[in-house]
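What's in entry-v4.cif: mmCIF, C-alpha atoms and all ligand atoms
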```cif
data_entry
loop_
_atom_site.label_atom_id
_atom_site.label_comp_id
_atom_site.auth_asym_id
_atom_site.auth_seq_id
_atom_site.Cartn_x
_atom_site.Cartn_y
_atom_site.Cartn_z
CA MET A 1 -33.12 -12.70 5.13
CA VAL A 2 -31.35 -10.44 2.70
CA THR A 3 -30.41 -7.13 4.24
CA ASP A 4 -28.67 -4.04 2.89
CA SER A 5 -25.39 -5.32 4.25
CA VAL A 6 -25.43 -8.47 2.10
CA ALA A 7 -22.98 -8.29 -0.79
CA ILE A 8 -23.31 -11.79 -2.24
CA ASN A 9 -26.37 -13.94 -1.78
CA ILE A 10 -26.09 -17.59 -2.86
CA LYS A 11 -29.31 -19.57 -2.70
CA GLY A 12 -29.84 -23.27 -3.35
CA LEU A 13 -26.92 -23.45 -5.78
CA SER A 14 -26.21 -26.84 -7.38
CA LYS A 15 -24.00 -27.82 -10.27
CA SER A 16 -23.13 -31.13 -11.88
CA PHE A 17 -20.82 -31.98 -14.76
CA SER A 18 -21.09 -34.78 -17.23
CA ASN A 19 -18.87 -37.66 -16.21
CA GLY A 20 -18.92 -39.54 -19.53
CA TRP A 21 -20.50 -42.97 -19.38
CA LEU A 22 -20.60 -42.73 -15.57
CA GLY A 23 -23.44 -40.19 -15.89
CA LYS A 24 -23.42 -36.92 -13.96
CA LYS A 25 -21.12 -35.90 -11.20
CA GLN A 26 -22.55 -33.39 -8.74
CA VAL A 27 -19.84 -30.99 -7.62
CA ILE A 28 -21.88 -28.26 -5.90
CA ARG A 29 -24.76 -29.28 -3.66
CA ASP A 30 -27.42 -26.87 -2.47
CA LEU A 31 -25.09 -24.08 -1.43
CA ASP A 32 -26.79 -21.44 0.66
CA PHE A 33 -24.77 -18.62 2.16
CA GLN A 34 -24.27 -14.90 2.19
CA ILE A 35 -21.21 -12.70 2.16
CA ARG A 36 -21.50 -9.36 3.85
CA ASP A 37 -20.63 -6.03 2.39
CA ASN A 38 -16.99 -5.10 3.00
CA GLU A 39 -15.96 -8.40 4.57
CA VAL A 40 -13.01 -10.63 3.77
CA PHE A 41 -14.43 -14.12 3.37
CA GLY A 42 -12.16 -17.16 3.17
CA TYR A 43 -13.36 -20.12 1.14
CA LEU A 44 -11.58 -23.16 2.49
CA GLY A 45 -11.64 -26.63 1.03
CA GLY A 46 -9.40 -29.48 -0.07
CA ASN A 47 -8.59 -30.32 -3.68
CA GLY A 48 -11.70 -30.84 -5.74
CA ALA A 49 -14.05 -29.50 -3.05
CA GLY A 50 -15.72 -27.18 -5.56
CA LYS A 51 -14.18 -23.77 -4.80
CA THR A 52 -13.24 -22.85 -8.38
CA THR A 53 -16.58 -24.13 -9.63
CA THR A 54 -18.38 -21.83 -7.17
CA PHE A 55 -16.33 -18.89 -8.45
CA LYS A 56 -17.07 -19.76 -12.08
CA LEU A 57 -20.76 -19.84 -11.21
CA MET A 58 -20.46 -16.42 -9.56
CA LEU A 59 -18.74 -15.07 -12.65
CA ASP A 60 -21.43 -16.57 -14.90
CA LEU A 61 -18.74 -18.47 -16.80
CA ILE A 62 -20.83 -21.58 -16.20
CA ARG A 63 -24.51 -21.86 -15.35
CA PRO A 64 -25.96 -23.66 -12.32
CA ASP A 65 -28.37 -26.61 -12.55
CA LYS A 66 -30.44 -24.75 -10.02
CA GLY A 67 -30.17 -21.89 -7.58
CA ASP A 68 -29.35 -18.19 -7.75
CA ILE A 69 -26.51 -15.83 -7.08
CA SER A 70 -26.91 -12.11 -6.64
CA PHE A 71 -24.50 -9.24 -5.95
CA TRP A 72 -25.98 -6.40 -3.92
CA GLY A 73 -29.41 -7.57 -4.99
CA GLY A 74 -28.69 -7.75 -8.75
CA ALA A 75 -28.55 -11.11 -10.57
CA ALA A 76 -24.96 -12.34 -11.01
CA LYS A 77 -25.51 -12.82 -14.72
CA ASP A 78 -26.43 -9.15 -15.32
CA ARG A 79 -23.75 -7.05 -16.98
CA THR A 80 -23.96 -4.42 -14.25
CA SER A 81 -23.25 -7.09 -11.62
CA ARG A 82 -20.29 -8.48 -13.51
CA ALA A 83 -18.87 -4.99 -14.03
CA MET A 84 -18.44 -4.77 -10.23
CA ILE A 85 -16.12 -7.78 -10.12
CA GLY A 86 -12.38 -8.18 -10.19
CA TYR A 87 -11.22 -11.77 -10.63
CA LEU A 88 -7.90 -13.50 -10.15
CA PRO A 89 -8.05 -17.00 -11.65
CA GLU A 90 -6.18 -19.88 -10.05
CA GLN A 91 -3.82 -20.11 -13.03
CA PRO A 92 -3.86 -16.78 -14.81
CA TYR A 93 -2.47 -16.63 -18.33
CA PHE A 94 -0.31 -13.69 -19.31
CA TYR A 95 1.19 -12.53 -22.59
CA ALA A 96 4.83 -13.19 -21.80
CA TYR A 97 6.30 -10.56 -24.15
CA LEU A 98 4.31 -7.65 -22.71
CA THR A 99 5.95 -5.59 -19.99
CA GLY A 100 4.23 -5.23 -16.61
CA ALA A 101 2.90 -1.80 -17.59
CA GLU A 102 1.79 -2.96 -21.07
CA ALA A 103 -0.05 -5.95 -19.62
CA LEU A 104 -1.97 -3.79 -17.16
CA ASP A 105 -2.68 -1.22 -19.87
CA PHE A 106 -4.10 -4.04 -22.00
CA TYR A 107 -6.47 -5.12 -19.20
CA ALA A 108 -7.39 -1.48 -18.50
CA SER A 109 -8.23 -1.00 -22.20
CA LEU A 110 -11.05 -3.55 -21.80
CA PHE A 111 -12.83 -0.94 -19.69
CA ASP A 112 -14.17 2.43 -20.63
CA LEU A 113 -11.14 4.51 -19.63
CA THR A 114 -9.33 7.31 -21.41
CA GLY A 115 -5.62 6.99 -22.20
CA ALA A 116 -4.73 9.40 -19.37
CA GLU A 117 -6.90 7.51 -16.88
CA ARG A 118 -5.33 4.22 -17.95
CA LYS A 119 -1.82 5.55 -17.46
CA LYS A 120 -2.69 6.87 -14.02
CA ARG A 121 -4.40 3.58 -13.05
CA VAL A 122 -1.51 1.44 -14.31
CA ASN A 123 1.09 3.45 -12.40
CA HIS A 124 -1.04 3.36 -9.25
CA LEU A 125 -1.50 -0.42 -9.50
CA LEU A 126 2.18 -1.11 -10.17
CA ASP A 127 2.93 0.91 -7.08
CA LEU A 128 0.25 -0.80 -5.00
CA VAL A 129 1.53 -4.31 -5.74
CA GLY A 130 5.19 -3.33 -5.31
CA LEU A 131 6.13 -3.63 -8.98
CA ALA A 132 6.87 0.01 -9.79
CA HIS A 133 10.46 -1.03 -10.57
CA ALA A 134 9.32 -3.72 -13.02
CA GLY A 135 6.88 -1.78 -15.17
CA ASP A 136 9.26 -1.96 -18.15
CA THR A 137 10.24 -5.61 -17.67
CA GLN A 138 8.68 -8.29 -19.85
CA LEU A 139 6.47 -10.72 -17.95
CA ARG A 140 8.53 -13.70 -19.16
CA LYS A 141 11.29 -12.39 -16.87
CA PHE A 142 8.97 -12.19 -13.84
CA SER A 143 9.19 -14.62 -10.93
CA ARG A 144 6.10 -16.58 -9.84
CA GLY A 145 5.48 -14.07 -7.04
CA MET A 146 5.78 -11.09 -9.41
CA LEU A 147 3.31 -12.70 -11.83
CA GLN A 148 0.86 -13.26 -8.98
CA ARG A 149 1.15 -9.54 -8.17
CA ILE A 150 0.42 -8.63 -11.79
CA GLY A 151 -2.56 -10.99 -11.45
CA ILE A 152 -3.96 -9.10 -8.48
CA ALA A 153 -3.23 -5.75 -10.15
CA GLN A 154 -5.18 -7.02 -13.18
CA ALA A 155 -8.08 -7.94 -10.88
CA LEU A 156 -8.08 -4.39 -9.51
CA VAL A 157 -7.85 -2.61 -12.85
CA ASN A 158 -11.56 -1.69 -12.97
CA ASP A 159 -11.59 -0.60 -9.30
CA PRO A 160 -14.08 -3.40 -8.51
CA LYS A 161 -16.51 -3.43 -5.60
CA LEU A 162 -16.08 -7.21 -5.27
CA LEU A 163 -12.84 -9.17 -5.56
CA ILE A 164 -12.95 -12.90 -6.25
CA LEU A 165 -9.50 -14.40 -5.80
CA ASP A 166 -8.84 -18.06 -6.54
CA GLU A 167 -5.91 -19.19 -4.39
CA PRO A 168 -4.12 -15.82 -4.40
CA MET A 169 -1.34 -17.03 -2.07
CA SER A 170 -0.55 -20.22 -3.94
CA GLY A 171 3.09 -20.59 -4.90
CA LEU A 172 4.17 -17.52 -2.96
CA ASP A 173 7.00 -17.47 -0.44
CA PRO A 174 6.32 -16.11 3.09
CA MET A 175 7.12 -12.51 2.08
CA GLY A 176 4.97 -12.82 -1.03
CA ARG A 177 2.09 -14.21 1.05
CA LYS A 178 2.44 -11.37 3.52
CA SER A 179 2.31 -8.75 0.79
CA MET A 180 -0.72 -10.47 -0.79
CA ARG A 181 -2.43 -10.40 2.63
CA ASP A 182 -1.56 -6.70 2.97
CA ILE A 183 -3.02 -5.94 -0.47
CA ILE A 184 -6.24 -7.79 0.44
CA LEU A 185 -6.51 -5.86 3.71
CA SER A 186 -5.89 -2.54 1.99
CA CYS A 187 -8.68 -3.41 -0.46
CA ARG A 188 -10.99 -4.01 2.49
CA ASP A 189 -9.95 -0.64 3.94
CA GLN A 190 -11.07 0.91 0.66
CA GLY A 191 -14.54 -0.59 1.15
CA LYS A 192 -14.24 -3.58 -1.18
CA THR A 193 -15.70 -7.01 -0.45
CA ILE A 194 -13.31 -9.91 -0.94
CA ILE A 195 -13.80 -13.65 -1.24
CA PHE A 196 -10.74 -15.79 -1.71
CA SER A 197 -10.13 -19.50 -1.75
CA SER A 198 -7.22 -21.11 -0.01
CA HIS A 199 -5.76 -24.29 1.37
CA ILE A 200 -3.61 -22.32 3.78
CA ILE A 201 -5.44 -21.99 7.06
CA SER A 202 -3.09 -19.49 8.70
CA ASP A 203 -3.64 -16.98 5.86
CA VAL A 204 -7.38 -17.32 6.35
CA GLU A 205 -7.02 -16.95 10.13
CA MET A 206 -4.92 -13.82 9.75
CA ILE A 207 -7.09 -11.73 7.46
CA CYS A 208 -10.62 -13.09 7.17
CA ASP A 209 -13.69 -11.92 9.00
CA ARG A 210 -15.38 -15.25 8.31
CA ALA A 211 -14.54 -18.46 6.50
CA GLY A 212 -16.73 -21.07 4.85
CA ILE A 213 -15.62 -24.68 4.81
CA LEU A 214 -16.47 -26.60 1.67
CA ALA A 215 -16.17 -30.37 1.29
CA ASN A 216 -17.53 -32.43 -1.59
CA GLY A 217 -19.46 -29.42 -2.86
CA GLU A 218 -21.26 -28.88 0.45
CA LEU A 219 -20.78 -25.97 2.81
CA LYS A 220 -20.03 -27.71 6.09
CA SER A 221 -19.78 -24.65 8.30
CA ILE A 222 -19.10 -20.95 8.45
CA ILE A 223 -16.60 -19.80 11.04
CA THR A 224 -16.54 -16.27 12.41
CA MET A 225 -12.88 -15.61 13.16
CA ASP A 226 -13.53 -13.53 16.29
CA ASP A 227 -15.59 -16.39 17.75
CA ALA A 228 -13.01 -18.98 16.80
CA MET A 229 -10.21 -16.88 18.27
CA SER A 230 -12.00 -16.44 21.60
CA SER A 231 -13.03 -20.09 21.78
CA GLN A 232 -12.64 -21.65 25.21
CA ASP A 233 -11.96 -24.97 23.56
CA SER A 234 -8.32 -25.41 24.52
CA THR A 235 -5.57 -27.95 24.89
CA TRP A 236 -3.26 -28.02 27.90
CA GLU A 237 0.32 -29.08 27.34
CA ILE A 238 2.67 -29.99 30.17
CA THR A 239 6.37 -30.76 29.80
CA CYS A 240 8.43 -32.31 32.57
CA GLN A 241 11.72 -34.14 32.99
CA GLY A 242 13.85 -35.91 35.56
CA GLY A 243 12.75 -39.55 35.48
CA ARG A 244 10.02 -41.90 34.48
CA LEU A 245 6.49 -40.54 34.70
CA ASP A 246 3.72 -43.03 35.46
CA LEU A 247 0.23 -41.70 34.79
CA SER A 248 -1.54 -45.05 34.86
CA GLY A 249 -3.25 -44.29 38.17
CA ILE A 250 -4.82 -41.02 36.99
CA GLU A 251 -8.57 -40.84 36.57
CA GLY A 252 -9.42 -39.96 32.95
CA GLN A 253 -5.95 -40.95 31.72
CA SER A 254 -7.39 -42.31 28.47
CA SER A 255 -7.82 -38.72 27.28
CA ILE A 256 -4.15 -37.95 27.87
CA LYS A 257 -1.60 -37.94 25.06
CA GLN A 258 1.91 -38.61 26.27
CA VAL A 259 5.04 -38.30 24.13
CA VAL A 260 8.56 -38.99 25.37
CA ARG A 261 11.39 -37.01 23.73
CA GLY A 262 14.77 -37.82 25.24
CA ASN A 263 14.40 -37.30 28.97
CA ARG A 264 11.31 -35.10 28.54
CA HIS A 265 7.67 -36.11 28.84
CA ILE A 266 5.17 -34.00 26.92
CA ILE A 267 1.61 -34.51 28.05
CA SER A 268 -1.42 -32.97 26.42
CA THR A 269 -5.09 -33.09 27.31
CA GLY A 270 -8.24 -31.17 26.45
CA ASP A 271 -9.47 -31.26 30.07
CA LYS A 272 -8.24 -28.73 32.60
CA GLU A 273 -9.06 -30.96 35.59
CA ILE A 274 -7.01 -33.80 34.14
CA ALA A 275 -4.18 -31.34 33.47
CA ASP A 276 -4.29 -30.39 37.17
CA ARG A 277 -4.14 -34.08 38.14
CA VAL A 278 -1.10 -34.57 35.88
CA MET A 279 0.61 -31.59 37.53
CA ALA A 280 -0.07 -33.06 40.98
CA GLU A 281 1.29 -36.42 39.83
CA ILE A 282 4.47 -34.81 38.43
CA ASN A 283 4.96 -33.18 41.80
CA ARG A 284 4.22 -36.40 43.73
CA GLN A 285 6.66 -38.44 41.60
CA GLY A 286 9.40 -35.81 42.08
CA LEU A 287 9.83 -34.81 38.41
CA VAL A 288 10.74 -31.28 37.33
CA LEU A 289 8.08 -29.21 35.61
CA VAL A 290 9.54 -27.57 32.49
CA SER A 291 6.47 -25.84 31.08
CA PHE A 292 2.71 -25.64 31.28
CA SER A 293 0.80 -23.98 28.47
CA THR A 294 -2.62 -23.81 26.89
CA ALA A 295 -3.26 -23.67 23.19
CA ARG A 296 -6.49 -22.38 21.74
CA LYS A 297 -8.36 -24.74 19.49
CA SER A 298 -7.32 -23.64 16.02
CA ILE A 299 -9.32 -23.05 12.89
CA GLU A 300 -7.57 -26.14 11.59
CA ASP A 301 -9.26 -28.28 14.24
CA ILE A 302 -12.63 -26.81 13.29
CA TYR A 303 -11.80 -27.40 9.63
CA ILE A 304 -10.88 -31.03 10.14
CA LYS A 305 -13.97 -31.66 12.24
CA SER A 306 -16.22 -30.02 9.61
CA ALA A 307 -14.64 -31.36 6.48
CA GLY A 308 -13.35 -34.71 7.71
CA GLN A 309 -9.80 -36.04 8.01
CA ASN A 310 -9.56 -36.89 4.32
CA THR A 311 -9.85 -33.28 3.32
CA ARG A 312 -7.05 -31.94 5.51
CA PRO A 313 -5.74 -28.93 3.64
CA ALA A 314 -2.18 -28.36 2.57
CA GLY A 315 -0.16 -25.81 4.52
CA SER A 316 -1.85 -26.58 7.83
CA GLN A 317 -0.14 -25.19 10.87
CA GLN A 318 2.42 -27.94 11.33
CA ASP A 319 4.00 -27.25 7.97
CA GLU A 320 3.68 -23.48 8.02
CA TYR A 321 6.79 -21.34 7.69
N1 LIG B 1 -15.58 -28.85 -16.61
C1 LIG B 1 -15.60 -29.89 -15.76
N2 LIG B 1 -16.03 -31.11 -16.16
C2 LIG B 1 -16.06 -32.15 -15.30
N3 LIG B 1 -15.69 -32.08 -14.01
C3 LIG B 1 -15.24 -30.90 -13.55
C4 LIG B 1 -15.18 -29.74 -14.41
N4 LIG B 1 -14.70 -28.70 -13.66
C5 LIG B 1 -14.48 -29.19 -12.42
N5 LIG B 1 -14.81 -30.50 -12.36
C6 LIG B 1 -14.76 -31.36 -11.17
O1 LIG B 1 -15.45 -30.69 -10.14
C7 LIG B 1 -14.84 -30.93 -8.89
C8 LIG B 1 -14.57 -29.62 -8.21
O2 LIG B 1 -13.54 -28.95 -8.92
P1 LIG B 1 -13.03 -27.50 -8.51
O3 LIG B 1 -11.99 -27.11 -9.50
O4 LIG B 1 -14.19 -26.60 -8.34
O5 LIG B 1 -12.38 -27.80 -7.09
P2 LIG B 1 -11.47 -26.88 -6.18
O6 LIG B 1 -12.05 -26.89 -4.81
O7 LIG B 1 -11.26 -25.55 -6.81
O8 LIG B 1 -10.11 -27.71 -6.17
P3 LIG B 1 -8.57 -27.24 -6.14
O9 LIG B 1 -8.31 -26.74 -4.77
O10 LIG B 1 -7.84 -28.50 -6.42
O11 LIG B 1 -8.39 -26.19 -7.20
C9 LIG B 1 -13.58 -31.75 -9.17
O12 LIG B 1 -13.88 -33.10 -8.90
C10 LIG B 1 -13.34 -31.52 -10.63
O13 LIG B 1 -12.73 -32.64 -11.21
#
```
How would this structure read if it were set down as structure tokens?
Amino acid sequence: MVTDSVAINIKGLSKSFSNGWLGKKQVIRDLDFQIRDNEVFGYLGGNGAGKTTTFKLMLDLIRPDKGDISFWGGAAKDRTSRAMIGYLPEQPYFYAYLTGAEALDFYASLFDLTGAERKKRVNHLLDLVGLAHAGDTQLRKFSRGMLQRIGIAQALVNDPKLLILDEPMSGLDPMGRKSMRDIILSCRDQGKTIIFSSHIISDVEMICDRAGILANGELKSIITMDDAMSSQDSTWEITCQGGRLDLSGIEGQSSIKQVVRGNRHIISTGDKEIADRVMAEINRQGLVLVSFSTARKSIEDIYIKSAGQNTRPAGSQQDEY
């Protein structure tokens, strides 16, 4: 049911593209979900899952085969709805010979603002994205991270109610990703609603209220971060050393993962009782316990379960900075 707190309502959305002589290729299948007012919503999915296509449908750049999208109750294709949006494309194009300030002034000039308002807005945005020092530098001299900041400043130029950001962290170094996360959070503090796509699970974990997992154009699940963070679904990891550890006699040993690194045994299991049995066995066999820890089931695990192994995203926790 649509309530006052719904910002984006997507109903029965489907889209296919012509695939030449192979016929039609369906890339969005019966999407049905809502994004709440003033939430940060992460849109997770592997390459080709359909994230950008969903955004283009929201922006009315392409039309759906069927289904509807509305923003705060108004049809997405209405001018008033589109005027509420700020959009950062996945690969924004910039005029390389404009300076940072000139580029933002150009984008601001597309809206109904006076010269004085534009100047004020441009200075504020340069400041917000940490580019106050580069307002007079031509964009061709900007680094990838600086260009991405101009991209987000451009998306904010009309002070939008809704921000649609296509892979805003892509290509950024850890500091750049942190400042992009901070900008997104400050936008939420100002009352904006934000949806952004990403392959990087930790960024989604850190700033989103909820995340939708898309695979092959289907929404597989929606995760509420608070629920995921307080999940009881954990893994126990035990490290010991001091000899050979034989766990063959333990009941339930098939669910144990055992790795030997040098003289250390690292044992992990998803079952607390089995972890207790392993501890008892370590004690009985006279080995030294080095550590015992539990790890919460991560969003990545939920992602892989929902989307399938083949759609494992880049930048998952193992290869995070
Ligand atoms: N104009 C088009 N014509 C034909 N196929 C298209 C078109 N646009 C997108 N597709 C196909 O639709 C599918 C979804 O593409 P989309 O760009 O939405 O994925 P994505 O989730 O954004 O991927 P990525 O993370 O790689 O950017 C892909 O298989 C893509 O090849």
7 Å contact set for range 82-98 of chain A, only C-alpha atoms, chain neighbours under 4 positions out, as an MDAnalysis selection string: chainID A and resid 59 76:78 102:103 138:140 151:152 155:156 160:167
Protein and nucleic residues near ligand LIG 1 (chain B), 7 Å, all atoms listed in the file, as a PyMOL selection string: chain A and resi 17-19+27+45-54
Residue among A:Ile238, A:Met279, A:Ile183, A:Ile8 lying closest to Ser293 in chain A, counting only C-alpha atoms: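 Between A:Ile238, A:Met279, A:Ile183, A:Ile8, the residue approaching Ser293 in chain A most closely is A:Ile238.
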Taking 6 positions as the minimum chain separation for residues in the same chain, which residues sit within 9 Å of Thr137 in chain A when counting only C-alpha atoms? Answer as a tab-separated table (two decimals) with C-alpha atoms, in the frame of the given file.
```tsv
chain	number	residue	atom	x	y	z
A	98	LEU	CA	4.31	-7.65	-22.71
A	99	THR	CA	5.95	-5.59	-19.99
A	100	GLY	CA	4.23	-5.23	-16.61
A	101	ALA	CA	2.90	-1.80	-17.59
```
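Taking CA of Arg118 in chain A and CA of Asn158 in chain A as the two end points, the separation is 9.9 Å.
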Straight-line distance linking CA of Lys272 in chain A with CA of Leu289 in chain A, stated in Å to one decimal: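 For CA of Lys272 in chain A relative to CA of Leu289 in chain A, the distance reads 16.6 Å.
Minimum atom-to-atom distances from A:Gly286, A:Gly262, A:Gly73, A:Gly67 to Lys15 in chain A were compared using all atoms listed in the file, and the lowest value belongs to A:Gly67.
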Nearest to Leu287 in chain A by atom-to-atom distance, counting only C-alpha atoms, from A:Asp65, A:Asp246, A:Asp105, A:Glu205: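 When distances to Leu287 in chain A are compared using only C-alpha atoms, the smallest one comes from A:Asp246.
Of note, CA of Ile200 in chain A and CA of Arg181 in chain A are spaced 12.0 Å apart.
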Counting all atoms listed in the file, the residue of A:Ala75, A:Val157, A:Leu247, A:Met225 that sits nearest Phe111 in chain A: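 Closest residue, counting all atoms listed in the file: A:Val157.
With distances restricted to all atoms listed in the file, A:Ile28 is the closest residue to Phe55 in chain A from A:Ile28, A:Ile299, A:Asp173, A:Ala7.
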Shell of 8 Å around Lys220 in chain A, all atoms listed in the file, local chain residues under 5 positions omitted, as an NGL selection string: :A and (212-215 or 306-307)
Given all atoms listed in the file as the counted atoms, nearest of A:Ala280, A:Cys240, A:Leu104, A:Ile207 to Ile267 in chain A: A:Cys240
Who sits within 8 Å of Phe33 in chain A, all atoms listed in the file, same chain under 6 positions skipped, as a list of chain:residue names: A:Asn9, A:Ile10, A:Lys11
